[in-house]
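**Student:** Could you have a look at this structure, given as structure tokens, before my questions?
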Amino acid sequence: TTPTATTTVPGIKPGNCTTNRWHMSTQVGATYTCTNDDVYPEAWLAMEWRHFYDTATDCCQAFYGELPCTVDDICTRDKCAEKWHISLTPGEEYTCTNSHDFLEQWDASYFYDTADECCLGYFDSPC
């Protein structure tokens with residue numbers, strides 16, 4: 001199963017992105033979804049091997065097999081909000097920003113740690 005694009009689920013508080021593992025989403029309306037948020041029943045910790053996986057792909061395969069699986073990566077979402085990306089603001093051509101204004105479907109490859117890296121990545125020159 002190939003996971004689909006990241007889906008934002010409002011109201012999820014970020015967990016610890018260095019230790020979060022993938023599990024079936026417990027959010028209302030999140031059907032066929034694997035996530036690395038920290039919202040799950042405490043009882044799952046007693047059978048960690050059954051509920052948690054190291055990758056989204058492994059989670060999707062374990063819970064949904066060949067069915068389409070949505071991936072909600074809260075770590076990418078949180079980290080991207082602090083990183084640099086191309087501006088979507090009209091009139092700001094050749095501009096990088098660290099605003100929260102970016103497309104939901106952008107994965108980590110659209111983001112950079114610094115403004116200089118962003119400009120070089122998008123425009124092949126300083127902004």
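Letters A, B, ... go to the chains of the structure tokens in the order shown; residues in each chain start at 1; ligands are counted from 1 in the same order.
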Using DSSP assignments from the backbone, pull out every residue in chain A that falls under alpha helix (DSSP H) and give it to me as an MDAnalysis selection string.

**Tutor:** chainID A and resid 48:51 56:64 74:80 115:123

**Student:** State, in Å with one decimal place, the distance from CA of Thr95 in chain A to CA of Gly121 in chain A.

**Tutor:**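 It comes out at 11.6 Å.
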
**Student:** Tell me, in Å to one decimal, how far CA of His23 in chain A is from CA of Trp84 in chain A.

**Tutor:**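 Going from CA of His23 in chain A over to CA of Trp84 in chain A, I get 28.9 Å.
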
**Student:** Find, counting only C-alpha atoms, the residue in A:Met47, A:Ala108, A:Cys60, A:Val71 that gets nearest to Lys83 in chain A.

**Tutor:**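 Checking each of A:Met47, A:Ala108, A:Cys60, A:Val71 against Lys83 in chain A, counting only C-alpha atoms, the winner is A:Ala108.
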
**Student:** Which is closest to Leu67 in chain A among A:Ser109, A:Thr33, A:Ser125, A:Thr114, if we use only C-alpha atoms?

**Tutor:**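 That would be A:Thr33, the residue with the smallest distance to Leu67 in chain A.
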
**Student:** With distances taken over only C-alpha atoms, which residue among A:Thr89, A:Thr31, A:Asn98, A:Thr55 lies nearest Asp73 in chain A?

**Tutor:** A:Thr55

**Student:** Quick one: DSSP strand (DSSP E or B) residues in range 4-127 of chain A, as JSON, numbers by chain?

**Tutor:** {"A": [6, 22, 23, 24, 33, 34, 35, 53, 70, 71, 72, 84, 85, 86, 96, 97, 112]}

**Student:** For Ile86 in chain A, find every residue with an atom within 9 Å (counting only C-alpha atoms), except residues of its own chain fewer than 2 positions away, and show them as a list in words.

**Tutor:**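 Listing them by chain and then by number gives Trp84, Leu88, Glu93, Tyr94, Thr95, Cys96, Thr97, Asn98, Phe102, Tyr110, Phe111, Cys118, Cys119 and Tyr122 of chain A.
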
**Student:** Would you mind exporting the chosen residues as a short mmCIF file (atom, residue, chain, number, x, y, z; two decimals), in the first residue's frame, restricted to all heavy atoms?

**Tutor:**
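File again15.cif, as written:
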data_model
loop_
_atom_site.label_atom_id
_atom_site.label_comp_id
_atom_site.auth_asym_id
_atom_site.auth_seq_id
_atom_site.Cartn_x
_atom_site.Cartn_y
_atom_site.Cartn_z
N TRP A 84 11.60 27.51 6.27
CA TRP A 84 11.51 28.45 5.17
C TRP A 84 11.01 27.76 3.91
O TRP A 84 11.36 26.63 3.62
CB TRP A 84 12.89 29.07 4.92
CG TRP A 84 13.30 29.95 6.06
CD1 TRP A 84 13.91 29.57 7.21
CD2 TRP A 84 13.11 31.35 6.16
NE1 TRP A 84 14.09 30.64 8.04
CE2 TRP A 84 13.63 31.76 7.42
CE3 TRP A 84 12.56 32.31 5.32
CZ2 TRP A 84 13.60 33.08 7.83
CZ3 TRP A 84 12.54 33.63 5.74
CH2 TRP A 84 13.04 34.00 6.99
N LEU A 88 3.80 32.32 -1.04
CA LEU A 88 2.60 32.19 -1.86
C LEU A 88 1.85 33.52 -1.98
O LEU A 88 0.81 33.60 -2.62
CB LEU A 88 1.66 31.14 -1.25
CG LEU A 88 2.21 29.72 -1.18
CD1 LEU A 88 1.22 28.80 -0.48
CD2 LEU A 88 2.54 29.20 -2.56
N GLU A 93 7.27 37.46 -5.75
CA GLU A 93 8.02 36.51 -6.55
C GLU A 93 9.47 36.50 -6.05
O GLU A 93 9.98 37.49 -5.56
CB GLU A 93 8.00 36.90 -8.03
CG GLU A 93 6.63 36.73 -8.69
CD GLU A 93 5.67 37.87 -8.38
OE1 GLU A 93 6.12 38.96 -8.00
OE2 GLU A 93 4.45 37.66 -8.49
N TYR A 94 10.12 35.36 -6.19
CA TYR A 94 11.51 35.19 -5.76
C TYR A 94 11.70 35.55 -4.30
O TYR A 94 12.63 36.25 -3.92
CB TYR A 94 12.47 36.01 -6.66
CG TYR A 94 12.34 35.63 -8.11
CD1 TYR A 94 11.70 36.48 -9.00
CD2 TYR A 94 12.85 34.43 -8.57
CE1 TYR A 94 11.56 36.12 -10.34
CE2 TYR A 94 12.71 34.07 -9.90
CZ TYR A 94 12.07 34.92 -10.78
OH TYR A 94 11.93 34.56 -12.09
N THR A 95 10.76 35.12 -3.47
CA THR A 95 10.81 35.41 -2.04
C THR A 95 10.62 34.13 -1.24
O THR A 95 9.75 33.33 -1.56
CB THR A 95 9.69 36.41 -1.65
OG1 THR A 95 9.85 37.60 -2.42
CG2 THR A 95 9.73 36.74 -0.17
N CYS A 96 11.43 33.97 -0.21
CA CYS A 96 11.25 32.88 0.73
C CYS A 96 10.74 33.45 2.04
O CYS A 96 11.06 34.60 2.39
CB CYS A 96 12.57 32.14 0.96
SG CYS A 96 12.99 30.99 -0.37
N THR A 97 9.94 32.68 2.74
CA THR A 97 9.34 33.12 4.00
C THR A 97 9.25 31.94 4.95
O THR A 97 9.31 30.79 4.52
CB THR A 97 7.94 33.70 3.74
OG1 THR A 97 7.36 34.11 4.98
CG2 THR A 97 7.02 32.69 3.10
N ASN A 98 9.11 32.23 6.22
CA ASN A 98 8.84 31.16 7.20
C ASN A 98 7.44 31.34 7.78
O ASN A 98 7.17 30.96 8.90
CB ASN A 98 9.91 31.09 8.29
CG ASN A 98 9.99 32.35 9.11
OD1 ASN A 98 9.36 33.36 8.79
ND2 ASN A 98 10.77 32.31 10.18
N PHE A 102 1.39 27.99 3.70
CA PHE A 102 1.93 27.06 2.73
C PHE A 102 0.87 26.00 2.45
O PHE A 102 -0.09 25.86 3.19
CB PHE A 102 3.25 26.43 3.20
CG PHE A 102 3.17 25.74 4.54
CD1 PHE A 102 2.74 24.43 4.64
CD2 PHE A 102 3.55 26.41 5.69
CE1 PHE A 102 2.69 23.79 5.87
CE2 PHE A 102 3.51 25.77 6.92
CZ PHE A 102 3.07 24.46 7.02
N TYR A 110 9.82 20.59 0.57
CA TYR A 110 9.53 21.97 0.18
C TYR A 110 10.10 22.99 1.17
O TYR A 110 9.98 24.19 0.95
CB TYR A 110 8.01 22.19 0.10
CG TYR A 110 7.37 21.53 -1.09
CD1 TYR A 110 7.03 20.19 -1.08
CD2 TYR A 110 7.09 22.27 -2.24
CE1 TYR A 110 6.44 19.59 -2.17
CE2 TYR A 110 6.49 21.67 -3.33
CZ TYR A 110 6.18 20.33 -3.30
OH TYR A 110 5.58 19.74 -4.38
N PHE A 111 10.69 22.53 2.26
CA PHE A 111 11.08 23.41 3.35
C PHE A 111 12.58 23.38 3.60
O PHE A 111 13.23 22.35 3.41
CB PHE A 111 10.33 23.03 4.62
CG PHE A 111 8.84 23.15 4.46
CD1 PHE A 111 8.09 22.07 4.01
CD2 PHE A 111 8.19 24.35 4.72
CE1 PHE A 111 6.72 22.18 3.83
CE2 PHE A 111 6.82 24.46 4.55
CZ PHE A 111 6.09 23.37 4.10
N CYS A 118 16.73 28.23 1.33
CA CYS A 118 15.47 28.28 0.59
C CYS A 118 15.68 28.97 -0.76
O CYS A 118 15.27 28.45 -1.80
CB CYS A 118 14.41 29.01 1.41
SG CYS A 118 12.83 29.22 0.57
N CYS A 119 16.30 30.11 -0.76
CA CYS A 119 16.53 30.86 -2.00
C CYS A 119 17.37 30.06 -2.98
O CYS A 119 17.07 29.99 -4.17
CB CYS A 119 17.20 32.20 -1.70
SG CYS A 119 16.10 33.35 -0.85
N TYR A 122 15.16 27.08 -4.31
CA TYR A 122 14.09 27.43 -5.24
C TYR A 122 14.56 28.22 -6.45
O TYR A 122 14.06 28.05 -7.56
CB TYR A 122 12.98 28.24 -4.54
CG TYR A 122 12.01 27.39 -3.76
CD1 TYR A 122 12.04 27.37 -2.37
CD2 TYR A 122 11.07 26.60 -4.40
CE1 TYR A 122 11.14 26.60 -1.65
CE2 TYR A 122 10.17 25.83 -3.70
CZ TYR A 122 10.22 25.82 -2.32
OH TYR A 122 9.34 25.05 -1.62
#

**Student:** Grab the CA of Asp101 in chain A to CA of Cys127 in chain A distance for me, in Å with one decimal place.

**Tutor:** 18.7 Å

**Student:** Env of Thr35 in chain A: 9 Å cut, atoms = only C-alpha atoms, seq-sep filter 6 positions within chain, self excluded. Answer as JSON, numbers by chain.

**Tutor:** {"A": [21, 22, 23, 24, 25, 26, 56, 59, 70, 71, 72, 73, 74]}

**Student:** Selected residues, all heavy atoms, written as a JSON list (two decimals), in the first residue's frame, please.

**Tutor:**
[["chain", "number", "residue", "atom", "x", "y", "z"],
["A", 21, "ARG", "N", 5.81, 7.12, 17.22],
["A", 21, "ARG", "CA", 5.75, 6.02, 16.27],
["A", 21, "ARG", "C", 4.38, 6.03, 15.61],
["A", 21, "ARG", "O", 3.45, 6.66, 16.08],
["A", 21, "ARG", "CB", 6.03, 4.71, 17.00],
["A", 21, "ARG", "CG", 7.47, 4.71, 17.53],
["A", 21, "ARG", "CD", 7.87, 3.43, 18.19],
["A", 21, "ARG", "NE", 7.88, 2.35, 17.21],
["A", 21, "ARG", "CZ", 7.61, 1.08, 17.53],
["A", 21, "ARG", "NH1", 7.31, 0.75, 18.76],
["A", 21, "ARG", "NH2", 7.64, 0.15, 16.61],
["A", 22, "TRP", "N", 4.26, 5.32, 14.52],
["A", 22, "TRP", "CA", 3.05, 5.31, 13.72],
["A", 22, "TRP", "C", 2.02, 4.34, 14.27],
["A", 22, "TRP", "O", 2.36, 3.24, 14.69],
["A", 22, "TRP", "CB", 3.40, 4.94, 12.28],
["A", 22, "TRP", "CG", 4.22, 6.01, 11.65],
["A", 22, "TRP", "CD1", 5.60, 6.09, 11.63],
["A", 22, "TRP", "CD2", 3.75, 7.17, 10.99],
["A", 22, "TRP", "NE1", 5.98, 7.24, 10.99],
["A", 22, "TRP", "CE2", 4.88, 7.92, 10.59],
["A", 22, "TRP", "CE3", 2.48, 7.66, 10.70],
["A", 22, "TRP", "CZ2", 4.76, 9.12, 9.90],
["A", 22, "TRP", "CZ3", 2.36, 8.85, 10.02],
["A", 22, "TRP", "CH2", 3.49, 9.57, 9.63],
["A", 23, "HIS", "N", 0.76, 4.77, 14.26],
["A", 23, "HIS", "CA", -0.34, 3.94, 14.75],
["A", 23, "HIS", "C", -1.62, 4.32, 14.02],
["A", 23, "HIS", "O", -1.69, 5.34, 13.34],
["A", 23, "HIS", "CB", -0.51, 4.12, 16.27],
["A", 23, "HIS", "CG", -0.80, 5.53, 16.67],
["A", 23, "HIS", "ND1", -2.07, 6.05, 16.69],
["A", 23, "HIS", "CD2", 0.04, 6.54, 17.03],
["A", 23, "HIS", "CE1", -2.02, 7.33, 17.07],
["A", 23, "HIS", "NE2", -0.75, 7.64, 17.27],
["A", 24, "MET", "N", -2.64, 3.50, 14.20],
["A", 24, "MET", "CA", -3.95, 3.80, 13.63],
["A", 24, "MET", "C", -4.49, 5.07, 14.30],
["A", 24, "MET", "O", -4.39, 5.23, 15.51],
["A", 24, "MET", "CB", -4.90, 2.64, 13.92],
["A", 24, "MET", "CG", -6.31, 2.86, 13.43],
["A", 24, "MET", "SD", -7.47, 1.60, 14.04],
["A", 24, "MET", "CE", -6.71, 0.10, 13.50],
["A", 25, "SER", "N", -5.02, 5.97, 13.50],
["A", 25, "SER", "CA", -5.57, 7.20, 14.05],
["A", 25, "SER", "C", -6.83, 6.93, 14.86],
["A", 25, "SER", "O", -7.67, 6.12, 14.46],
["A", 25, "SER", "CB", -5.89, 8.19, 12.94],
["A", 25, "SER", "OG", -6.44, 9.37, 13.49],
["A", 26, "THR", "N", -6.96, 7.62, 15.97],
["A", 26, "THR", "CA", -8.16, 7.51, 16.80],
["A", 26, "THR", "C", -9.05, 8.74, 16.66],
["A", 26, "THR", "O", -10.05, 8.87, 17.37],
["A", 26, "THR", "CB", -7.77, 7.34, 18.29],
["A", 26, "THR", "OG1", -7.02, 8.49, 18.69],
["A", 26, "THR", "CG2", -6.98, 6.07, 18.51],
["A", 56, "ALA", "N", 5.22, 4.95, 8.36],
["A", 56, "ALA", "CA", 3.81, 5.07, 7.94],
["A", 56, "ALA", "C", 3.44, 3.91, 7.03],
["A", 56, "ALA", "O", 2.33, 3.37, 7.12],
["A", 56, "ALA", "CB", 3.59, 6.40, 7.24],
["A", 59, "CYS", "N", 2.72, 0.85, 9.08],
["A", 59, "CYS", "CA", 1.44, 1.03, 9.77],
["A", 59, "CYS", "C", 0.28, 0.78, 8.81],
["A", 59, "CYS", "O", -0.65, 0.02, 9.12],
["A", 59, "CYS", "CB", 1.36, 2.44, 10.35],
["A", 59, "CYS", "SG", -0.21, 2.84, 11.14],
["A", 70, "THR", "N", -4.51, 6.89, 4.38],
["A", 70, "THR", "CA", -4.12, 8.29, 4.53],
["A", 70, "THR", "C", -3.07, 8.39, 5.62],
["A", 70, "THR", "O", -3.18, 7.72, 6.65],
["A", 70, "THR", "CB", -5.34, 9.15, 4.88],
["A", 70, "THR", "OG1", -6.29, 9.04, 3.82],
["A", 70, "THR", "CG2", -4.96, 10.61, 5.07],
["A", 71, "VAL", "N", -2.06, 9.23, 5.41],
["A", 71, "VAL", "CA", -1.01, 9.43, 6.40],
["A", 71, "VAL", "C", -1.14, 10.84, 6.97],
["A", 71, "VAL", "O", -1.19, 11.81, 6.23],
["A", 71, "VAL", "CB", 0.39, 9.25, 5.74],
["A", 71, "VAL", "CG1", 1.48, 9.62, 6.72],
["A", 71, "VAL", "CG2", 0.55, 7.83, 5.26],
["A", 72, "ASP", "N", -1.23, 10.93, 8.28],
["A", 72, "ASP", "CA", -1.26, 12.22, 8.97],
["A", 72, "ASP", "C", 0.04, 12.35, 9.76],
["A", 72, "ASP", "O", 0.16, 11.86, 10.87],
["A", 72, "ASP", "CB", -2.47, 12.30, 9.90],
["A", 72, "ASP", "CG", -2.52, 13.62, 10.65],
["A", 72, "ASP", "OD1", -1.98, 14.62, 10.13],
["A", 72, "ASP", "OD2", -3.08, 13.65, 11.76],
["A", 73, "ASP", "N", 1.02, 13.02, 9.16],
["A", 73, "ASP", "CA", 2.34, 13.18, 9.77],
["A", 73, "ASP", "C", 2.38, 14.49, 10.53],
["A", 73, "ASP", "O", 2.64, 15.54, 9.97],
["A", 73, "ASP", "CB", 3.41, 13.14, 8.70],
["A", 73, "ASP", "CG", 4.82, 13.17, 9.27],
["A", 73, "ASP", "OD1", 4.98, 13.43, 10.48],
["A", 73, "ASP", "OD2", 5.75, 12.93, 8.50],
["A", 74, "ILE", "N", 2.13, 14.45, 11.84],
["A", 74, "ILE", "CA", 2.10, 15.68, 12.64],
["A", 74, "ILE", "C", 3.50, 16.27, 12.78],
["A", 74, "ILE", "O", 3.63, 17.46, 13.02],
["A", 74, "ILE", "CB", 1.44, 15.46, 14.02],
["A", 74, "ILE", "CG1", 2.20, 14.48, 14.89],
["A", 74, "ILE", "CG2", 0.01, 15.02, 13.86],
["A", 74, "ILE", "CD1", 3.00, 15.12, 15.96]]
